[in-house]
file input_38.cif (mmCIF, C-alpha atoms)
data_my_file
loop_
_atom_site.label_atom_id
_atom_site.label_comp_id
_atom_site.auth_asym_id
_atom_site.auth_seq_id
_atom_site.Cartn_x
_atom_site.Cartn_y
_atom_site.Cartn_z
CA GLY A 593 114.41 153.85 137.98
CA ALA A 594 117.91 154.41 139.26
CA GLY A 595 118.37 157.86 137.81
CA ALA A 596 115.67 160.17 139.13
CA PRO A 597 116.03 161.92 142.50
CA GLY A 598 113.55 160.53 145.00
CA SER A 599 113.42 157.08 143.32
CA PRO A 600 115.54 154.93 145.62
CA ARG A 601 116.84 151.54 144.53
CA PRO A 602 116.87 148.98 147.38
CA LEU A 603 120.20 147.24 147.96
CA LYS A 604 118.81 145.12 150.81
CA ALA A 605 115.45 143.38 150.77
CA ASP A 606 114.34 144.99 154.04
CA GLY A 607 114.75 148.50 152.61
CA SER A 608 117.36 149.55 155.17
CA VAL A 609 120.03 150.21 152.51
CA LEU A 610 119.17 152.19 149.38
CA ALA A 611 120.99 153.56 146.36
CA VAL A 612 119.63 156.98 145.46
CA ARG A 613 120.64 159.93 143.34
CA LEU A 614 120.23 163.02 145.48
CA PRO A 615 118.96 166.29 143.97
CA GLY A 616 121.86 168.04 142.26
CA GLY A 617 124.07 164.96 142.48
CA ALA A 618 125.64 163.36 139.42
CA ASP A 619 126.12 159.89 140.95
CA GLU A 620 124.09 157.57 143.12
CA VAL A 621 125.00 157.31 146.79
CA VAL A 622 124.17 154.69 149.39
CA VAL A 623 121.83 155.67 152.23
CA LYS A 624 121.72 153.33 155.22
CA ARG A 625 118.82 153.76 157.62
CA PHE A 626 119.10 152.93 161.31
CA ALA A 627 116.01 152.24 163.42
CA PRO A 628 115.71 153.78 166.91
CA ARG A 629 117.10 151.71 169.77
CA ILE A 630 116.81 152.49 173.47
CA ARG A 631 120.49 151.89 174.20
CA ASP A 632 121.50 154.39 171.52
CA ARG A 633 120.07 157.12 173.74
CA PHE A 634 123.01 156.57 176.06
CA ARG A 635 125.85 156.31 173.55
CA VAL A 636 126.88 157.56 170.14
CA PRO A 637 124.10 156.51 167.69
CA ARG A 638 124.91 153.78 165.15
CA ALA A 639 124.66 156.14 162.16
CA LEU A 640 127.44 158.32 163.57
CA ARG A 641 129.50 155.30 164.60
CA ALA A 642 129.21 153.89 161.06
CA PHE A 643 130.54 157.18 159.66
CA ARG A 644 133.45 157.19 162.11
CA LYS A 645 134.36 153.55 161.42
CA ALA A 646 134.44 154.11 157.68
CA TYR A 647 136.72 157.09 158.17
CA ALA A 648 139.02 155.13 160.53
CA LEU A 649 139.30 152.20 158.12
CA ARG A 650 140.09 154.42 155.15
CA VAL A 651 142.79 156.21 157.17
CA ARG A 652 144.30 152.76 157.78
CA GLY A 653 144.22 151.96 154.05
CA ILE A 654 141.33 149.46 154.23
CA ALA A 655 139.02 149.81 151.24
CA CYS A 656 135.41 150.63 152.11
CA PRO A 657 132.84 153.17 150.89
CA ALA A 658 133.80 156.78 151.63
CA PRO A 659 131.57 158.26 154.35
CA LEU A 660 129.76 161.37 153.09
CA ALA A 661 127.30 162.38 155.81
CA ALA A 662 125.52 161.11 158.91
CA ALA A 663 122.74 162.37 161.15
CA ALA A 664 120.79 160.93 164.07
CA ARG A 665 117.89 161.79 166.37
CA PRO A 666 118.07 161.57 170.19
CA ASP A 667 116.23 158.20 170.09
CA GLY A 668 118.99 156.68 167.94
CA ALA A 669 117.20 156.71 164.59
CA GLY A 670 119.51 157.98 161.87
CA LEU A 671 120.92 157.95 158.38
CA ALA A 672 124.44 157.48 157.10
CA VAL A 673 125.40 158.32 153.51
CA PHE A 674 128.30 156.64 151.68
CA GLU A 675 129.69 156.48 148.18
CA LEU A 676 128.36 153.66 145.99
CA LEU A 677 131.18 151.32 145.06
CA ARG A 678 131.28 150.44 141.36
CA ASP A 679 133.49 148.52 138.99
CA ASP A 680 133.99 148.33 135.22
CA GLY A 681 130.61 146.65 134.78
CA GLY A 682 128.46 148.74 137.12
CA ASP A 683 127.73 148.14 140.78
CA ALA A 684 130.40 146.20 142.66
CA LEU A 685 129.37 142.57 143.27
CA ASP A 686 129.15 141.22 146.80
CA LEU A 687 130.74 137.84 147.39
CA ASP A 688 127.46 136.15 148.22
CA ARG A 689 126.05 136.96 144.78
CA ALA A 690 129.41 136.19 143.19
CA VAL A 691 129.48 132.58 144.44
CA ARG A 692 125.74 131.77 144.45
CA GLY A 693 124.23 133.85 141.65
CA ARG A 694 120.90 135.58 142.07
CA ASP A 695 117.61 136.15 140.25
CA GLY A 696 118.31 133.27 137.86
CA ARG A 697 121.75 134.58 136.92
CA PRO A 698 124.69 132.15 137.12
CA ALA A 699 127.36 132.81 139.72
CA ALA A 700 130.07 135.15 138.41
CA TYR A 701 132.63 133.15 140.39
CA ALA A 702 131.93 130.01 138.37
CA ARG A 703 132.32 131.88 135.07
CA LEU A 704 135.78 133.26 135.79
CA PRO A 705 138.74 131.68 133.96
CA ARG A 706 140.78 129.53 136.32
CA THR A 707 143.80 131.85 136.37
CA THR A 708 141.62 134.94 136.98
CA ARG A 709 139.77 133.18 139.80
CA ALA A 710 143.02 132.03 141.40
CA ALA A 711 144.44 135.56 141.27
CA ALA A 712 141.22 136.99 142.73
CA LEU A 713 141.22 134.53 145.63
CA HIS A 714 144.88 135.28 146.33
CA ALA A 715 144.04 139.02 146.33
CA LEU A 716 141.18 138.38 148.75
CA GLY A 717 143.59 136.71 151.15
CA ARG A 718 146.00 139.64 150.91
CA PHE A 719 143.15 142.11 151.55
CA LEU A 720 142.07 140.25 154.69
CA ARG A 721 145.67 140.13 155.95
CA ARG A 722 146.03 143.89 155.40
CA MET A 723 142.83 144.43 157.37
CA HIS A 724 144.13 142.46 160.34
CA ASP A 725 147.61 143.95 160.16
CA ALA A 726 145.98 147.40 160.29
CA GLU A 727 144.56 146.42 163.72
CA VAL A 728 141.03 145.90 162.37
CA SER A 729 138.96 142.79 163.10
CA HIS A 730 135.43 142.08 161.87
CA ARG A 731 132.93 140.10 163.94
CA ASP A 732 130.51 139.83 161.00
CA LEU A 733 132.91 139.05 158.17
CA LYS A 734 130.61 137.15 155.80
CA ALA A 735 130.16 137.03 152.05
CA PRO A 736 127.42 139.72 151.69
CA ASN A 737 129.61 142.21 153.59
CA LEU A 738 132.51 142.05 151.12
CA VAL A 739 132.42 143.23 147.52
CA ALA A 740 134.63 142.37 144.57
CA ARG A 741 135.35 144.99 141.93
CA ARG A 742 136.62 144.26 138.43
CA GLU A 743 139.15 146.82 137.21
CA GLY A 744 140.28 145.51 133.84
CA ASP A 745 141.92 142.14 134.50
CA ARG A 746 142.32 142.88 138.20
CA VAL A 747 139.90 142.13 141.04
CA SER A 748 140.03 144.18 144.24
CA PHE A 749 137.99 143.93 147.43
CA ALA A 750 136.29 146.23 149.92
CA LEU A 751 134.21 146.00 153.09
CA VAL A 752 130.67 147.35 152.75
CA ASP A 753 129.03 146.63 156.12
CA LEU A 754 131.10 147.98 158.96
CA GLU A 755 128.87 147.40 161.98
CA GLY A 756 130.87 144.31 162.94
CA ALA A 757 134.23 146.00 162.39
CA ARG A 758 136.40 146.73 165.42
CA VAL A 759 139.31 149.15 165.27
CA ARG A 760 141.71 147.91 167.89
CA ARG A 761 144.65 149.57 169.62
CA ALA A 762 146.77 146.43 169.49
CA PRO A 763 147.60 143.73 166.93
CA VAL A 764 144.71 141.39 166.13
CA PRO A 765 145.42 138.06 167.89
CA TRP A 766 145.77 135.03 165.63
CA ARG A 767 142.81 133.28 167.27
CA ARG A 768 140.64 136.29 166.42
CA ARG A 769 142.02 136.29 162.87
CA ALA A 770 141.08 132.64 162.46
CA ARG A 771 137.56 133.32 163.73
CA ASP A 772 137.09 136.18 161.28
CA LEU A 773 138.19 134.05 158.34
CA ALA A 774 136.12 131.10 159.58
CA ARG A 775 132.97 133.21 159.60
CA LEU A 776 133.63 134.18 155.97
CA ASP A 777 134.44 130.57 155.08
CA ALA A 778 131.20 129.31 156.67
CA SER A 779 129.11 131.97 154.95
CA VAL A 780 129.93 130.72 151.44
CA GLY A 781 129.00 127.13 152.28
CA PRO A 782 130.06 124.19 150.10
CA VAL A 783 129.97 126.16 146.81
CA VAL A 784 133.68 127.01 146.95
CA SER A 785 136.16 124.15 146.59
CA ARG A 786 138.73 123.21 149.22
CA ALA A 787 141.51 124.16 146.78
CA ASP A 788 140.08 127.66 146.34
CA ARG A 789 139.72 128.06 150.09
CA ARG A 790 143.40 127.25 150.41
CA ARG A 791 144.20 129.88 147.76
CA VAL A 792 142.64 132.53 150.01
CA LEU A 793 144.78 131.38 152.93
CA ALA A 794 147.89 131.27 150.73
CA GLY A 795 147.21 134.89 149.78
CA TYR A 796 146.77 135.74 153.47
CA PHE A 797 150.26 134.43 154.22
CA ALA A 798 151.98 135.71 151.06
CA GLY A 799 154.35 138.65 150.84
CA PHE A 800 154.52 139.45 154.55
CA ARG A 801 156.99 138.96 157.35
CA ARG A 802 157.25 135.48 158.88
CA ALA A 803 154.02 134.78 160.75
CA PRO A 804 154.10 133.33 164.29
CA VAL A 805 151.60 130.67 163.16
CA ALA A 806 152.29 128.19 160.35
CA LEU A 807 149.93 128.21 157.38
CA ALA A 808 148.93 124.56 157.94
CA THR A 809 148.13 125.23 161.61
CA PHE A 810 146.14 128.34 160.76
CA ALA A 811 144.22 126.48 158.02
CA ARG A 812 143.21 123.79 160.52
CA ARG A 813 141.97 126.45 162.96
CA VAL A 814 139.92 128.17 160.29
CA ALA A 815 138.43 124.86 159.12
CA ALA A 816 137.51 123.82 162.66
CA GLU A 817 135.91 127.19 163.48
CA SER A 818 134.07 127.19 160.14
CA ALA A 819 132.63 123.71 160.76
CA ARG A 820 131.21 124.89 164.09
CA LYS A 821 129.43 127.76 162.33
CA ARG A 822 127.75 125.52 159.72
CA GLY A 823 124.96 122.98 159.99
CA ALA A 824 125.25 119.27 159.29
CA SER A 825 124.50 119.89 155.60
CA GLY A 826 127.53 122.13 155.27
CA ALA A 827 125.35 125.14 154.43
CA PRO A 828 125.87 128.32 156.44
CA ARG A 829 123.62 128.78 159.45
#
call {"tool": "encode", "arguments": {"input": "input_38.cif", "output": "structure tokens"}}
result
Amino acid sequence: GAGAPGSPRPLKADGSVLAVRLPGGADEVVVKRFAPRIRDRFRVPRALRAFRKAYALRVRGIACPAPLAAAARPDGAGLAVFELLRDDGGDALDLDRAVRGRDGRPAAYARLPRTTRAAALHALGRFLRRMHDAEVSHRDLKAPNLVARREGDRVSFALVDLEGARVRRAPVPWRRRARDLARLDASVGPVVSRADRRRVLAGYFAGFRRAPVALATFARRVAAESARKRGASGAPR
């Protein structure tokens, strides 16, 4: 069960990420386990880096789980503890489950009213633009690493896997921005329509200063990069 201390609830099939209610805690937290790696003996272990990245992103206003604790052994094995993101209906829903469904359940994306879905996709684009404008890029920006949270009629977004995140000391170049968005685009495969993909890009360009790249040019770059990341069937590799 999800409620008793010591009864973890796996959030990833390999058991590396668990939701657990710690003794004396009122709410579940997320525990991410890191296996030992030789190279971690010569640098800051991944568990501690994950904690630091989450803190850096939150300082920059990028939504992600709050880091609560981290510990590591000299061989690099470690644990990092984060808040569990929730929404009005329970656990926040990652985008992969939202567009594909899981365990026989229909995709939440397909069940949204058209206007709600359009607003959510526009908000996703704005979230990704804020991330890049905050000098953060993400080399593993794919659907399972983003979550959507329902808050009444509003949908907001957050990053949940930060290992691919890079906090830069300079603006994110537009080629890197296109590659980040292309990886996300490729990860959802053909389930999402071309029109809805354009809604995300429209949100990315909305409400900001004039961009040095035109929306149409940027959309072509994202589409070309996305095609290279997918197989002939159009499904993500």
call {"tool": "resolve_selection", "arguments": {"input": "input_38.cif", "expression": "the PyMOL selection byres ((chain A and resi 730-735) around 10)", "output": "number ranges by chain"}}
result
A: 686-691, 720, 723-724, 728-729, 736-739, 751, 753-759, 768-769, 771-781
call {"tool": "resolve_selection", "arguments": {"input": "input_38.cif", "expression": "the PyMOL selection byres ((chain A and resi 629) around 10)", "output": "NGL selection string"}}
result
:A and (626-628 or 630-634 or 637-638 or 666-669)
call {"tool": "resolve_selection", "arguments": {"input": "input_38.cif", "expression": "the PyMOL selection byres ((chain A and resi 643) around 8)", "output": "PyMOL selection string"}}
result
chain A and resi 639-642+644-647+659-662+672
call {"tool": "atom_distance", "arguments": {"input": "input_38.cif", "atom1": "atom CA of Pro600 of chain A", "atom2": "atom CA of Gly744 of chain A"}}
result
29.0 Å
call {"tool": "atom_distance", "arguments": {"input": "input_38.cif", "atom1": "atom CA of Arg786 of chain A", "atom2": "atom CA of Ala819 of chain A"}}
result
13.1 Å
call {"tool": "atom_distance", "arguments": {"input": "input_38.cif", "atom1": "atom CA of Arg813 of chain A", "atom2": "atom CA of Trp766 of chain A"}}
result
9.8 Å
call {"tool": "closest_residue", "arguments": {"input": "input_38.cif", "among": "A:Arg650, A:Arg767, A:Arg791, A:Arg722", "to": "Arg709 of chain A", "atoms": "all atoms listed in the file"}}
result
A:Arg791
call {"tool": "closest_residue", "arguments": {"input": "input_38.cif", "among": "A:Pro765, A:Gly795, A:Pro782, A:Gly616", "to": "Ala710 of chain A", "atoms": "only C-alpha atoms"}}
result
A:Gly795
call {"tool": "closest_residue", "arguments": {"input": "input_38.cif", "among": "A:Cys656, A:Ala770, A:Ser748, A:Arg790", "to": "Ala816 of chain A", "atoms": "only C-alpha atoms"}}
result
A:Ala770
call {"tool": "closest_residue", "arguments": {"input": "input_38.cif", "among": "A:Val636, A:Ala664, A:Pro615, A:Arg760", "to": "Arg652 of chain A", "atoms": "all atoms listed in the file"}}
result
A:Arg760
call {"tool": "closest_residue", "arguments": {"input": "input_38.cif", "among": "A:Arg625, A:Arg692, A:Arg742, A:Arg613", "to": "Glu675 of chain A", "atoms": "only C-alpha atoms"}}
result
A:Arg613
call {"tool": "closest_residue", "arguments": {"input": "input_38.cif", "among": "A:Pro705, A:Phe797, A:Arg802, A:Ala684", "to": "Pro657 of chain A", "atoms": "all atoms listed in the file"}}
result
A:Ala684
call {"tool": "axis_aligned_box", "arguments": {"input": "input_38.cif", "around": "segment 791-800 of chain A", "padding_each_side": "5 Å", "output": "lines of an AutoDock Vina configuration file"}}
result
center_x = 148.6
center_y = 134.7
center_z = 151.2
size_x = 21.9
size_y = 19.6
size_z = 16.8
call {"tool": "residues_near_point", "arguments": {"input": "input_38.cif", "point": "(142.0, 133.3, 141.7)", "cutoff": "12 Å", "atoms": "only C-alpha atoms", "output": "PyMOL selection string"}}
result
chain A and resi 701-718+745-748+784-785+787-795
